[in-house]
Each structure stands twice: as structure tokens, then as C-alpha cells.
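Text of input25.cif (mmCIF, C-alpha atoms) as supplied:
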```cif
data_input
#
loop_
_atom_site.label_atom_id
_atom_site.label_comp_id
_atom_site.auth_asym_id
_atom_site.auth_seq_id
_atom_site.Cartn_x
_atom_site.Cartn_y
_atom_site.Cartn_z
CA MET F 1 10.56 -81.33 -39.70
CA GLU F 2 10.31 -82.26 -43.36
CA ILE F 3 9.46 -79.11 -45.29
CA ALA F 4 8.77 -79.08 -49.01
CA VAL F 5 8.63 -75.93 -51.12
CA ILE F 6 6.46 -76.71 -54.15
CA LEU F 7 6.54 -74.31 -57.09
CA PRO F 8 4.32 -74.67 -60.18
CA CYS F 9 6.09 -73.30 -63.24
CA TYR F 10 5.09 -72.44 -66.80
CA ASN F 11 7.48 -70.43 -68.97
CA GLU F 12 9.17 -68.69 -66.03
CA ALA F 13 12.80 -68.98 -67.15
CA ILE F 14 13.39 -65.34 -66.18
CA ALA F 15 12.08 -65.72 -62.63
CA ILE F 16 12.18 -69.38 -61.55
CA GLY F 17 15.90 -69.40 -60.76
CA GLU F 18 15.55 -66.35 -58.55
CA THR F 19 12.48 -67.86 -56.88
CA VAL F 20 14.38 -71.03 -56.01
CA LYS F 21 17.32 -69.02 -54.64
CA GLN F 22 15.04 -66.87 -52.50
CA PHE F 23 13.30 -69.86 -50.91
CA ARG F 24 16.64 -71.63 -50.44
CA ALA F 25 17.85 -68.61 -48.46
CA ALA F 26 14.64 -68.40 -46.41
CA LEU F 27 14.31 -72.14 -45.76
CA PRO F 28 17.75 -73.79 -46.06
CA GLU F 29 16.43 -77.01 -44.50
CA ALA F 30 13.61 -77.41 -47.04
CA VAL F 31 13.54 -79.49 -50.21
CA ILE F 32 12.52 -77.35 -53.18
CA TYR F 33 10.44 -78.93 -55.95
CA VAL F 34 9.63 -77.28 -59.26
CA PHE F 35 6.86 -78.84 -61.35
CA ASP F 36 7.23 -77.71 -64.93
CA ASN F 37 4.03 -77.47 -66.97
CA ASN F 38 5.16 -77.88 -70.61
CA SER F 39 7.44 -74.83 -70.58
CA THR F 40 9.14 -74.00 -73.87
CA ASP F 41 11.65 -71.44 -72.62
CA GLY F 42 14.05 -73.66 -70.65
CA SER F 43 12.40 -73.10 -67.25
CA ALA F 44 13.10 -76.69 -66.16
CA ARG F 45 16.81 -76.35 -66.90
CA VAL F 46 17.07 -73.03 -65.05
CA ALA F 47 15.28 -74.46 -62.01
CA GLN F 48 17.54 -77.51 -61.95
CA GLU F 49 20.65 -75.35 -62.20
CA ALA F 50 19.36 -73.32 -59.25
CA GLY F 51 19.22 -76.48 -57.13
CA ALA F 52 15.57 -77.53 -57.30
CA LEU F 53 14.25 -81.02 -57.90
CA VAL F 54 12.39 -80.71 -61.21
CA TYR F 55 9.37 -82.77 -62.25
CA SER F 56 6.91 -82.35 -65.09
CA GLU F 57 3.14 -82.29 -65.48
CA THR F 58 1.89 -82.67 -69.04
CA TYR F 59 -1.76 -81.70 -68.43
CA GLN F 60 -1.86 -77.94 -68.92
CA GLY F 61 -3.09 -75.65 -66.15
CA LYS F 62 -2.14 -74.71 -62.60
CA GLY F 63 -4.86 -76.89 -61.09
CA ASN F 64 -3.39 -79.94 -62.82
CA VAL F 65 0.07 -79.03 -61.56
CA VAL F 66 -1.13 -78.63 -57.97
CA ARG F 67 -2.88 -82.01 -58.18
CA ARG F 68 0.40 -83.62 -59.29
CA MET F 69 2.47 -81.83 -56.64
CA PHE F 70 0.14 -82.92 -53.85
CA ALA F 71 0.18 -86.51 -55.11
CA ASP F 72 3.93 -86.90 -55.63
CA VAL F 73 5.55 -84.93 -52.81
CA ASP F 74 5.73 -86.28 -49.25
CA ALA F 75 6.48 -83.90 -46.38
CA ASP F 76 5.16 -82.68 -43.04
CA VAL F 77 4.76 -79.08 -44.21
CA TYR F 78 4.17 -77.83 -47.76
CA VAL F 79 5.01 -74.28 -48.80
CA MET F 80 3.35 -73.45 -52.11
CA ALA F 81 4.15 -70.32 -54.12
CA ASP F 82 4.23 -69.27 -57.75
CA GLY F 83 7.49 -69.46 -59.66
CA ASP F 84 7.45 -65.79 -60.68
CA ALA F 85 9.44 -64.29 -57.74
CA THR F 86 6.53 -62.05 -56.69
CA TYR F 87 5.95 -63.54 -53.22
CA ASP F 88 8.05 -62.74 -50.16
CA SER F 89 10.06 -65.89 -49.46
CA MET F 90 11.35 -64.45 -46.17
CA ALA F 91 7.78 -64.63 -44.81
CA ALA F 92 7.82 -68.43 -45.16
CA PRO F 93 9.27 -69.10 -41.66
CA GLU F 94 6.53 -66.94 -40.15
CA LEU F 95 3.83 -68.81 -42.07
CA ILE F 96 5.29 -72.17 -41.03
CA ASN F 97 5.64 -71.10 -37.41
CA LEU F 98 1.97 -70.17 -37.25
CA LEU F 99 0.97 -73.47 -38.88
CA VAL F 100 3.07 -75.55 -36.45
CA SER F 101 2.60 -73.60 -33.22
CA ARG F 102 -1.18 -73.56 -33.55
CA ASN F 103 -1.50 -76.95 -35.26
CA LEU F 104 -3.31 -75.46 -38.27
CA ASP F 105 -3.91 -77.09 -41.64
CA MET F 106 -3.54 -74.06 -43.90
CA VAL F 107 -2.03 -70.59 -43.58
CA ASN F 108 -2.71 -68.11 -46.37
CA GLY F 109 -0.28 -65.39 -47.37
CA ALA F 110 -2.52 -62.39 -48.00
CA ARG F 111 -0.91 -60.09 -50.57
CA VAL F 112 -0.16 -56.49 -49.59
CA ASN F 113 1.09 -54.04 -52.22
CA ASP F 114 -0.07 -50.67 -53.56
CA ASP F 115 2.06 -50.91 -56.70
CA ILE F 116 -0.30 -51.08 -59.70
CA GLN F 117 2.33 -52.99 -61.69
CA ALA F 118 2.43 -55.70 -59.02
CA TYR F 119 -1.27 -55.93 -58.23
CA ARG F 120 -3.57 -54.27 -60.76
CA ARG F 121 -6.74 -52.56 -59.54
CA GLY F 122 -8.94 -54.77 -61.71
CA HIS F 123 -7.41 -57.87 -60.15
CA LYS F 124 -7.87 -56.41 -56.67
CA LEU F 125 -11.53 -55.70 -57.41
CA GLY F 126 -12.11 -59.19 -58.81
CA ASN F 127 -10.34 -60.77 -55.84
CA ALA F 128 -12.48 -58.77 -53.41
CA LEU F 129 -15.65 -59.82 -55.25
CA PHE F 130 -14.75 -63.50 -55.34
CA SER F 131 -13.51 -63.45 -51.74
CA GLY F 132 -16.81 -61.89 -50.68
CA LEU F 133 -18.84 -64.56 -52.46
CA VAL F 134 -16.88 -67.38 -50.81
CA LYS F 135 -17.14 -65.67 -47.43
CA PHE F 136 -20.91 -65.39 -47.81
CA PHE F 137 -21.62 -68.94 -48.95
CA PHE F 138 -18.89 -70.85 -47.11
CA LYS F 139 -18.20 -68.61 -44.08
CA SER F 140 -14.60 -68.27 -45.22
CA LYS F 141 -12.04 -66.52 -43.02
CA ILE F 142 -9.70 -65.84 -45.95
CA ASN F 143 -9.41 -62.24 -47.16
CA ASP F 144 -7.17 -62.95 -50.17
CA LEU F 145 -8.94 -65.84 -51.87
CA LEU F 146 -6.70 -65.91 -54.95
CA SER F 147 -3.31 -65.81 -53.23
CA GLY F 148 -0.94 -68.46 -54.55
CA TYR F 149 1.23 -68.29 -51.42
CA ARG F 150 0.06 -70.86 -48.89
CA VAL F 151 1.41 -73.30 -46.32
CA PHE F 152 -0.32 -76.64 -45.75
CA SER F 153 -0.17 -79.57 -43.38
CA ARG F 154 0.26 -83.08 -44.74
CA ARG F 155 -3.30 -84.04 -43.84
CA PHE F 156 -4.68 -81.10 -45.81
CA VAL F 157 -2.68 -82.05 -48.89
CA LYS F 158 -3.46 -85.76 -48.78
CA SER F 159 -7.21 -85.24 -48.27
CA PHE F 160 -7.62 -82.61 -51.00
CA PRO F 161 -9.66 -83.92 -53.99
CA ALA F 162 -8.47 -81.45 -56.61
CA VAL F 163 -10.78 -81.13 -59.61
CA SER F 164 -9.71 -77.73 -60.97
CA ASN F 165 -7.63 -77.34 -64.10
CA GLY F 166 -6.47 -73.73 -63.93
CA PHE F 167 -6.19 -70.69 -61.68
CA GLU F 168 -9.48 -71.52 -59.97
CA ILE F 169 -7.49 -73.98 -57.84
CA GLU F 170 -7.03 -71.36 -55.08
CA THR F 171 -10.81 -71.11 -54.70
CA GLU F 172 -11.08 -74.87 -54.40
CA LEU F 173 -8.33 -74.97 -51.76
CA THR F 174 -10.16 -72.45 -49.58
CA VAL F 175 -13.56 -74.11 -49.95
CA HIS F 176 -12.03 -77.51 -49.09
CA ALA F 177 -10.68 -76.07 -45.83
CA MET F 178 -14.01 -74.48 -44.93
CA GLN F 179 -16.12 -77.54 -45.77
CA MET F 180 -13.80 -79.76 -43.73
CA ARG F 181 -13.87 -77.19 -40.89
CA MET F 182 -10.10 -77.17 -40.78
CA PRO F 183 -8.24 -74.73 -38.54
CA ILE F 184 -6.70 -72.10 -40.81
CA GLY F 185 -4.90 -68.77 -40.52
CA GLU F 186 -3.84 -65.83 -42.64
CA ILE F 187 -0.87 -63.45 -42.48
CA GLU F 188 -0.23 -60.38 -44.59
CA THR F 189 2.80 -60.81 -46.86
CA LYS F 190 4.60 -58.47 -49.22
CA TYR F 191 3.81 -58.82 -52.91
CA VAL F 192 6.11 -57.32 -55.55
CA ALA F 193 6.06 -56.72 -59.28
CA ARG F 194 7.36 -59.30 -61.71
CA LEU F 195 10.94 -59.14 -62.94
CA PRO F 196 11.52 -57.20 -66.19
CA ASP F 197 10.41 -59.12 -69.31
CA SER F 198 8.47 -61.60 -67.15
CA ASN F 199 4.81 -61.86 -68.15
CA SER F 200 1.79 -62.98 -66.14
CA LYS F 201 -0.06 -66.08 -67.33
CA LEU F 202 -3.36 -64.88 -65.81
CA ALA F 203 -5.96 -63.91 -68.42
CA THR F 204 -8.09 -61.37 -66.57
CA TYR F 205 -11.49 -62.02 -68.14
CA SER F 206 -11.34 -65.68 -69.15
CA ASP F 207 -9.72 -66.79 -65.90
CA GLY F 208 -12.07 -64.52 -63.94
CA TRP F 209 -15.02 -66.26 -65.60
CA ARG F 210 -13.54 -69.66 -64.81
CA ILE F 211 -13.10 -68.70 -61.15
CA LEU F 212 -16.69 -67.43 -60.96
CA LYS F 213 -17.90 -70.63 -62.60
CA MET F 214 -15.89 -72.70 -60.13
CA ILE F 215 -17.49 -70.84 -57.21
CA GLY F 216 -20.92 -71.65 -58.67
CA LEU F 217 -20.02 -75.31 -59.14
CA LEU F 218 -18.66 -75.56 -55.60
CA ILE F 219 -21.85 -74.03 -54.22
CA LYS F 220 -23.87 -76.58 -56.21
CA ASP F 221 -21.71 -79.51 -55.11
CA GLU F 222 -20.97 -78.52 -51.52
CA LYS F 223 -24.11 -76.50 -50.67
CA PRO F 224 -26.85 -78.19 -52.73
CA ILE F 225 -29.60 -77.22 -50.30
CA ALA F 226 -28.79 -73.52 -50.63
CA PHE F 227 -28.24 -73.76 -54.39
CA PHE F 228 -31.33 -75.73 -55.38
CA LEU F 229 -33.69 -74.09 -52.90
CA SER F 230 -32.62 -70.71 -54.27
CA LEU F 231 -33.29 -72.07 -57.76
CA ALA F 232 -36.66 -73.41 -56.62
CA LEU F 233 -37.61 -70.01 -55.19
CA PHE F 234 -36.48 -68.32 -58.41
CA ILE F 235 -38.79 -70.59 -60.41
CA PHE F 236 -41.69 -70.67 -57.95
CA LEU F 237 -42.31 -66.93 -57.44
CA PRO F 238 -42.98 -65.96 -61.10
CA SER F 239 -44.95 -69.19 -61.61
CA LEU F 240 -47.10 -68.34 -58.61
CA PHE F 241 -47.67 -64.82 -59.95
CA VAL F 242 -48.85 -66.18 -63.33
CA PHE F 243 -51.02 -68.84 -61.70
CA VAL F 244 -52.73 -66.32 -59.40
CA SER F 245 -53.60 -64.06 -62.34
CA VAL F 246 -55.07 -67.01 -64.28
CA PHE F 247 -56.96 -68.24 -61.22
CA ARG F 248 -58.48 -64.80 -60.58
CA GLU F 249 -59.67 -64.70 -64.16
CA PHE F 250 -61.23 -68.13 -63.72
CA LEU F 251 -63.09 -67.00 -60.58
CA GLU F 252 -64.48 -63.98 -62.42
CA THR F 253 -65.47 -65.63 -65.71
CA GLY F 254 -65.53 -69.36 -65.00
CA LEU F 255 -63.24 -69.82 -68.00
CA VAL F 256 -59.52 -70.33 -68.52
CA ASP F 257 -58.72 -68.29 -71.62
CA ARG F 258 -54.94 -68.13 -71.07
CA VAL F 259 -54.14 -71.82 -71.31
CA PRO F 260 -50.47 -71.23 -72.25
CA SER F 261 -50.03 -69.14 -69.10
CA LEU F 262 -51.55 -71.92 -67.02
CA VAL F 263 -49.20 -74.45 -68.62
CA VAL F 264 -46.21 -72.21 -67.85
CA ALA F 265 -47.31 -71.82 -64.23
CA VAL F 266 -47.83 -75.56 -63.72
CA SER F 267 -44.47 -76.28 -65.40
CA GLY F 268 -42.88 -73.86 -62.97
CA PHE F 269 -44.43 -75.70 -60.02
CA VAL F 270 -43.10 -78.99 -61.39
CA GLY F 271 -39.66 -77.44 -61.79
CA THR F 272 -39.84 -76.20 -58.20
CA MET F 273 -40.61 -79.68 -56.90
CA LEU F 274 -37.80 -81.20 -58.97
CA SER F 275 -35.36 -78.63 -57.55
CA ILE F 276 -36.39 -79.50 -54.01
CA VAL F 277 -35.96 -83.23 -54.69
CA CYS F 278 -32.52 -82.59 -56.23
CA ALA F 279 -31.55 -80.54 -53.17
CA LEU F 280 -32.42 -83.39 -50.80
CA ILE F 281 -30.69 -86.09 -52.87
CA LEU F 282 -27.53 -84.10 -53.56
CA GLU F 283 -27.26 -83.01 -49.93
CA SER F 284 -26.99 -86.68 -48.96
CA LEU F 285 -24.31 -87.21 -51.61
CA ALA F 286 -22.42 -84.12 -50.46
CA LEU F 287 -22.50 -85.41 -46.89
CA ALA F 288 -21.09 -88.76 -48.04
CA ARG F 289 -18.26 -87.02 -49.89
CA ARG F 290 -17.41 -84.91 -46.85
CA GLU F 291 -17.35 -88.03 -44.68
CA ALA F 292 -14.97 -89.75 -47.12
CA ARG F 293 -12.66 -86.74 -47.16
CA ARG F 294 -12.81 -86.59 -43.37
CA LEU F 295 -11.71 -90.22 -43.09
CA SER F 296 -8.81 -89.50 -45.45
CA TYR F 297 -7.93 -86.44 -43.38
CA LEU F 298 -7.89 -88.41 -40.13
CA ARG F 299 -5.39 -90.93 -41.48
CA HIS F 300 -2.65 -88.33 -41.02
CA LYS F 301 -1.45 -86.67 -37.82
CA GLY F 302 -1.59 -82.94 -37.27
CA VAL F 303 1.54 -81.02 -38.20
CA ALA F 304 2.46 -80.26 -34.57
CA VAL F 305 2.12 -83.94 -33.62
CA SER F 306 3.90 -85.38 -36.67
CA GLY F 307 6.85 -83.06 -36.20
CA ALA F 308 7.07 -83.28 -32.40
CA ASN F 309 9.93 -85.78 -32.38
CA ARG F 310 11.87 -84.10 -35.17
CA ILE F 311 12.20 -80.52 -34.00
CA GLN F 312 13.05 -78.97 -30.66
CA ALA F 313 11.03 -75.80 -31.08
CA PRO F 314 8.98 -73.98 -33.69
CA ILE F 315 10.85 -71.79 -36.15
CA ALA F 316 11.39 -68.40 -34.57
CA SER F 317 9.37 -65.57 -36.05
CA PRO F 318 7.56 -62.38 -35.04
CA GLU F 319 4.01 -62.46 -33.77
CA PRO F 320 1.68 -62.87 -36.78
CA ARG F 321 -0.10 -59.70 -37.80
CA ARG F 322 -3.49 -61.20 -38.56
CA VAL F 323 -4.98 -64.62 -38.09
CA GLY F 324 -8.30 -65.81 -39.52
#
```
Just give me the structure as C-alpha cells.
Amino acid sequence: MEIAVILPCYNEAIAIGETVKQFRAALPEAVIYVFDNNSTDGSARVAQEAGALVYSETYQGKGNVVRRMFADVDADVYVMADGDATYDSMAAPELINLLVSRNLDMVNGARVNDDIQAYRRGHKLGNALFSGLVKFFFKSKINDLLSGYRVFSRRFVKSFPAVSNGFEIETELTVHAMQMRMPIGEIETKYVARLPDSNSKLATYSDGWRILKMIGLLIKDEKPIAFFLSLALFIFLPSLFVFVSVFREFLETGLVDRVPSLVVAVSGFVGTMLSIVCALILESLALARREARRLSYLRHKGVAVSGANRIQAPIASPEPRRVG
């Protein structure tokens, strides 16, 4: 089976070489690709010396790198991880085995670590909040929404319409799987602290805001009925309250003294109707987009079928600890 390890990289000269070596040891049959994102510290050279095939993506941001990796790399199975040596490469065979043996399209490596240096409490809290939002709106089965350690089938990769620029790409990957009703799984994997002198590129507050904004945009684009009907209700209820108070006054006096209040109430009703119309129109467009992605998805065989003539048996591994 053709396995590709794809590693986005930005200024990871300290860790990228070790990351490549770890995945080479875990998956000796795989081809390892490193996509450098305008690094200035020699990351590309270090990755090449470690034995990886190195490519570049000039548009800055992890989302742009993932878009390029998915477009340029051809394989049956894709193992994606960060280039910072924090993910457990030895868990890769287990993730792949689950993907192949159950013919899944994505397996998520849920991070497990109590070390504050590896996984700060603020990041854990934010991840739990964002994961809960996606679970509520999209019925997600993923517990670690922001994990960068994932295994994909070819048909997932080639049907994924990436629009993200930065770290919100993980949210988009999960929502794509849920909207396409793809079979997915999740396994707990060890997560360790960065190597000394290696710094995280995640900006807690700005990237957290971008992730939250991406969740909102995905709800609007993928769940327009829920989004715009909620907006309509938000506009309608206070407008109705104002209108009722003005109408009661009219019944008592026969006059409308609070004309501005009446104008506000009527404007709210108009806004409510516009929201409902938008919901109906955008729901049709969302359905058309899902159908187009589905057709793209169906052009490729499932991972178990595409690899049936190339391997004799799935990669041996223990029974997975948790599956979504």
C-alpha cells in the first residue's frame, strides 16, 4: 500500500529532522514529504538531510500548506502530523491499521498528556470548548478537534475543499468528514513536550479567535437553516415584544405615540423574513455543494479496496483503545 507521511513545517529546524527520523522508523515503507512554509532557519535543508522529500508552499499558514499537500501528493493512505516531534510516530501503524481494516476515511489521533509544558491547560480548555461546539452543531464523534495527527484515505484527501489559511484547518477537516457522513475513528495517542529551544507557532488568543470564527462560518455555510433561523428568532422575539407594547397602547388610546418603536418592530419583522429567505436559498446551495463533493469522493475507491491487491494483510497492531 502506498503510504505518504505529510509534514507541514515552519521554522522547525530543531525538530523536523527528528520528526522525519521517527516516522521513518515507524513506517519504513512510507514516503515522507515535508512542505516548508517560508522557513528562515534552514528547516528545508535539515528535512532533506534527514531523508524527506521537501517541497515549498509560499502562501503563509498551515491551512495553505495542507491544501498544497493534499493537491500534490498521491497515495492510498496519508499520515499527517506536525513537524515539531510532539506526536507519537510509533502510533502510526495502529492508526493506519484501523483505517484499512475498517475501511474508514479518517482516523484522529487524540492527544493524551498531563504535562503542562506539552499541553497547556488553556489550550485544553479551548480545545474542549471548540470540540463541544462542533459536536453540538455537526454531531461530531471527534473528542480532540484540534489534533494535528490524523490519517486519511485518498478519497477524503481528494474531495476536501480546503478554504482555511491557518490553524483552523483541523476544524474544517472534521466538519468535512461529518457533512459527508464519512466513516471515521479516533485513537488516543501520546503527546509530548517540544524539544528544548523549539517554540510553538500557535498564538493562543488570535488563533483561538480564528478557530471560533471558522466554526461560525462553517455553521453558516454548512448549516444555513440552523444559523439563519436562529438569527431570525433572535431578531423576531424582541421585535415582537416592542410591537405588542405599541399595539396595547394603540388599543387603549387609539393613538400610536411611539412611532420610532413601531418602525423598529416592523424593521425587525422584515429582518426576520429576510433571514428565513436566506436560510431557504443557502440550504439549497449547501446541498449542491455537498452533492459536488460527494461526486468527487465517489471517484476514488475506499482504502481497503484500493490497497487489496497490494498488501497481504493489514499492518499488525494492538486493538484500538477508542473508536468514534
Quick one: residues within 9 Å of region 7-23 of chain F, all atoms listed in the file counted, chain neighbours fewer than 6 positions away excluded, as a PyMOL selection string?
-> chain F and resi 30+32-52+61-62+65-66+69+79-90+92+194-199+201
Box for region 238-253 of chain F: with edges along x, y and z, all listed atoms inside and 6 Å added on each side, what are the centre and edge lengths in Å to one decimal, as JSON?
```
{"center_x": -54.2, "center_y": -66.6, "center_z": -62.2, "size_x": 34.5, "size_y": 17.2, "size_z": 19.1}
```
CA of Thr272 (chain F) and CA of Phe234 (chain F) are how many Å apart?
->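 Taking CA of Thr272 (chain F) as the start and CA of Phe234 (chain F) as the end point, the length is 8.6 Å.
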Within 9 Å of region 102-116 of chain F, which residues of region 148-209 of chain F come that close, and what is the closest atom pair and distance in Å for each? Count only C-alpha atoms and give it as a tab-separated table.
```
residue	atom	partner	partner_atom	distance
F:Gly148	CA	F:Gly109	CA	7.8
F:Tyr149	CA	F:Gly109	CA	5.2
F:Arg150	CA	F:Asn108	CA	4.6
F:Val151	CA	F:Val107	CA	5.2
F:Phe152	CA	F:Met106	CA	4.5
F:Ser153	CA	F:Asp105	CA	4.8
F:Arg154	CA	F:Asp105	CA	7.9
F:Arg155	CA	F:Asp105	CA	7.3
F:Phe156	CA	F:Asp105	CA	5.8
F:Val157	CA	F:Asp105	CA	8.9
F:Thr174	CA	F:Met106	CA	8.9
F:Ala177	CA	F:Met106	CA	7.7
F:Met182	CA	F:Asp105	CA	6.2
F:Pro183	CA	F:Leu104	CA	5.0
F:Ile184	CA	F:Met106	CA	4.8
F:Gly185	CA	F:Val107	CA	4.6
F:Glu186	CA	F:Asn108	CA	4.5
F:Ile187	CA	F:Gly109	CA	5.3
F:Glu188	CA	F:Ala110	CA	4.6
F:Thr189	CA	F:Arg111	CA	5.3
F:Lys190	CA	F:Val112	CA	5.2
F:Tyr191	CA	F:Arg111	CA	5.4
F:Val192	CA	F:Asn113	CA	6.9
F:Ala193	CA	F:Asp115	CA	7.5
```
CA of Thr171 (chain F) and CA of Ser284 (chain F) are how many Å apart?
->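 Between CA of Thr171 (chain F) and CA of Ser284 (chain F) the gap works out to 23.2 Å.
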Compile the contact shell of Ala265 (chain F) as a VMD selection string: residues with an atom at most 6 Å away, counting all atoms listed in the file, same-chain residues fewer than 4 positions apart removed.
-> chain F and resid 239 242 to 243
Would you kindly return, as a list in words, each protein, DNA or RNA residue with an atom no farther than 7 Å from any atom of Leu229 (chain F), considering only C-alpha atoms and excluding same-chain residues fewer than 5 positions away?
-> Ser275, Ile276 and Ala279 of chain F
Those residues with C-alpha atoms, as a PDB file, keeping the file's coordinate frame please?
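Generated output (out_0.pdb):
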```
ATOM      1  CA  SER F 275     -35.360 -78.630 -57.550  1.00  0.00           C
ATOM      2  CA  ILE F 276     -36.390 -79.500 -54.010  1.00  0.00           C
ATOM      3  CA  ALA F 279     -31.550 -80.540 -53.170  1.00  0.00           C
TER       4      ALA F 279
END
```
Take CA of Thr204 (chain F) and CA of Ser140 (chain F) and report the distance between them in Å, one decimal.
->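 Answer for the CA of Thr204 (chain F) to CA of Ser140 (chain F) separation: 23.4 Å.
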Check the smallest atom-to-atom distance from each of F:Thr253, F:Ser206, F:Ser261, F:Gln179 to Arg294 (chain F) using only C-alpha atoms, then report the winner.
->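 Comparing F:Thr253, F:Ser206, F:Ser261, F:Gln179 against Arg294 (chain F), the winner is F:Gln179.
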What's the 9 Å shell around Asp221 (chain F), counting only C-alpha atoms, without same-chain residues fewer than 2 positions away, as a list in words?
->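 Surrounding residues, per the criterion: Gly216, Leu217, Leu218, Ile219, Lys223, Pro224, Phe227, Leu282, Glu283, Leu285 and Ala286 of chain F.
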So which one's closest to Glu170 (chain F), F:Asn127, F:Ser296, F:Ser245, F:Ser101? Using all atoms listed in the file, please.
->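 Checking each of F:Asn127, F:Ser296, F:Ser245, F:Ser101 against Glu170 (chain F), counting all atoms listed in the file, the winner is F:Asn127.
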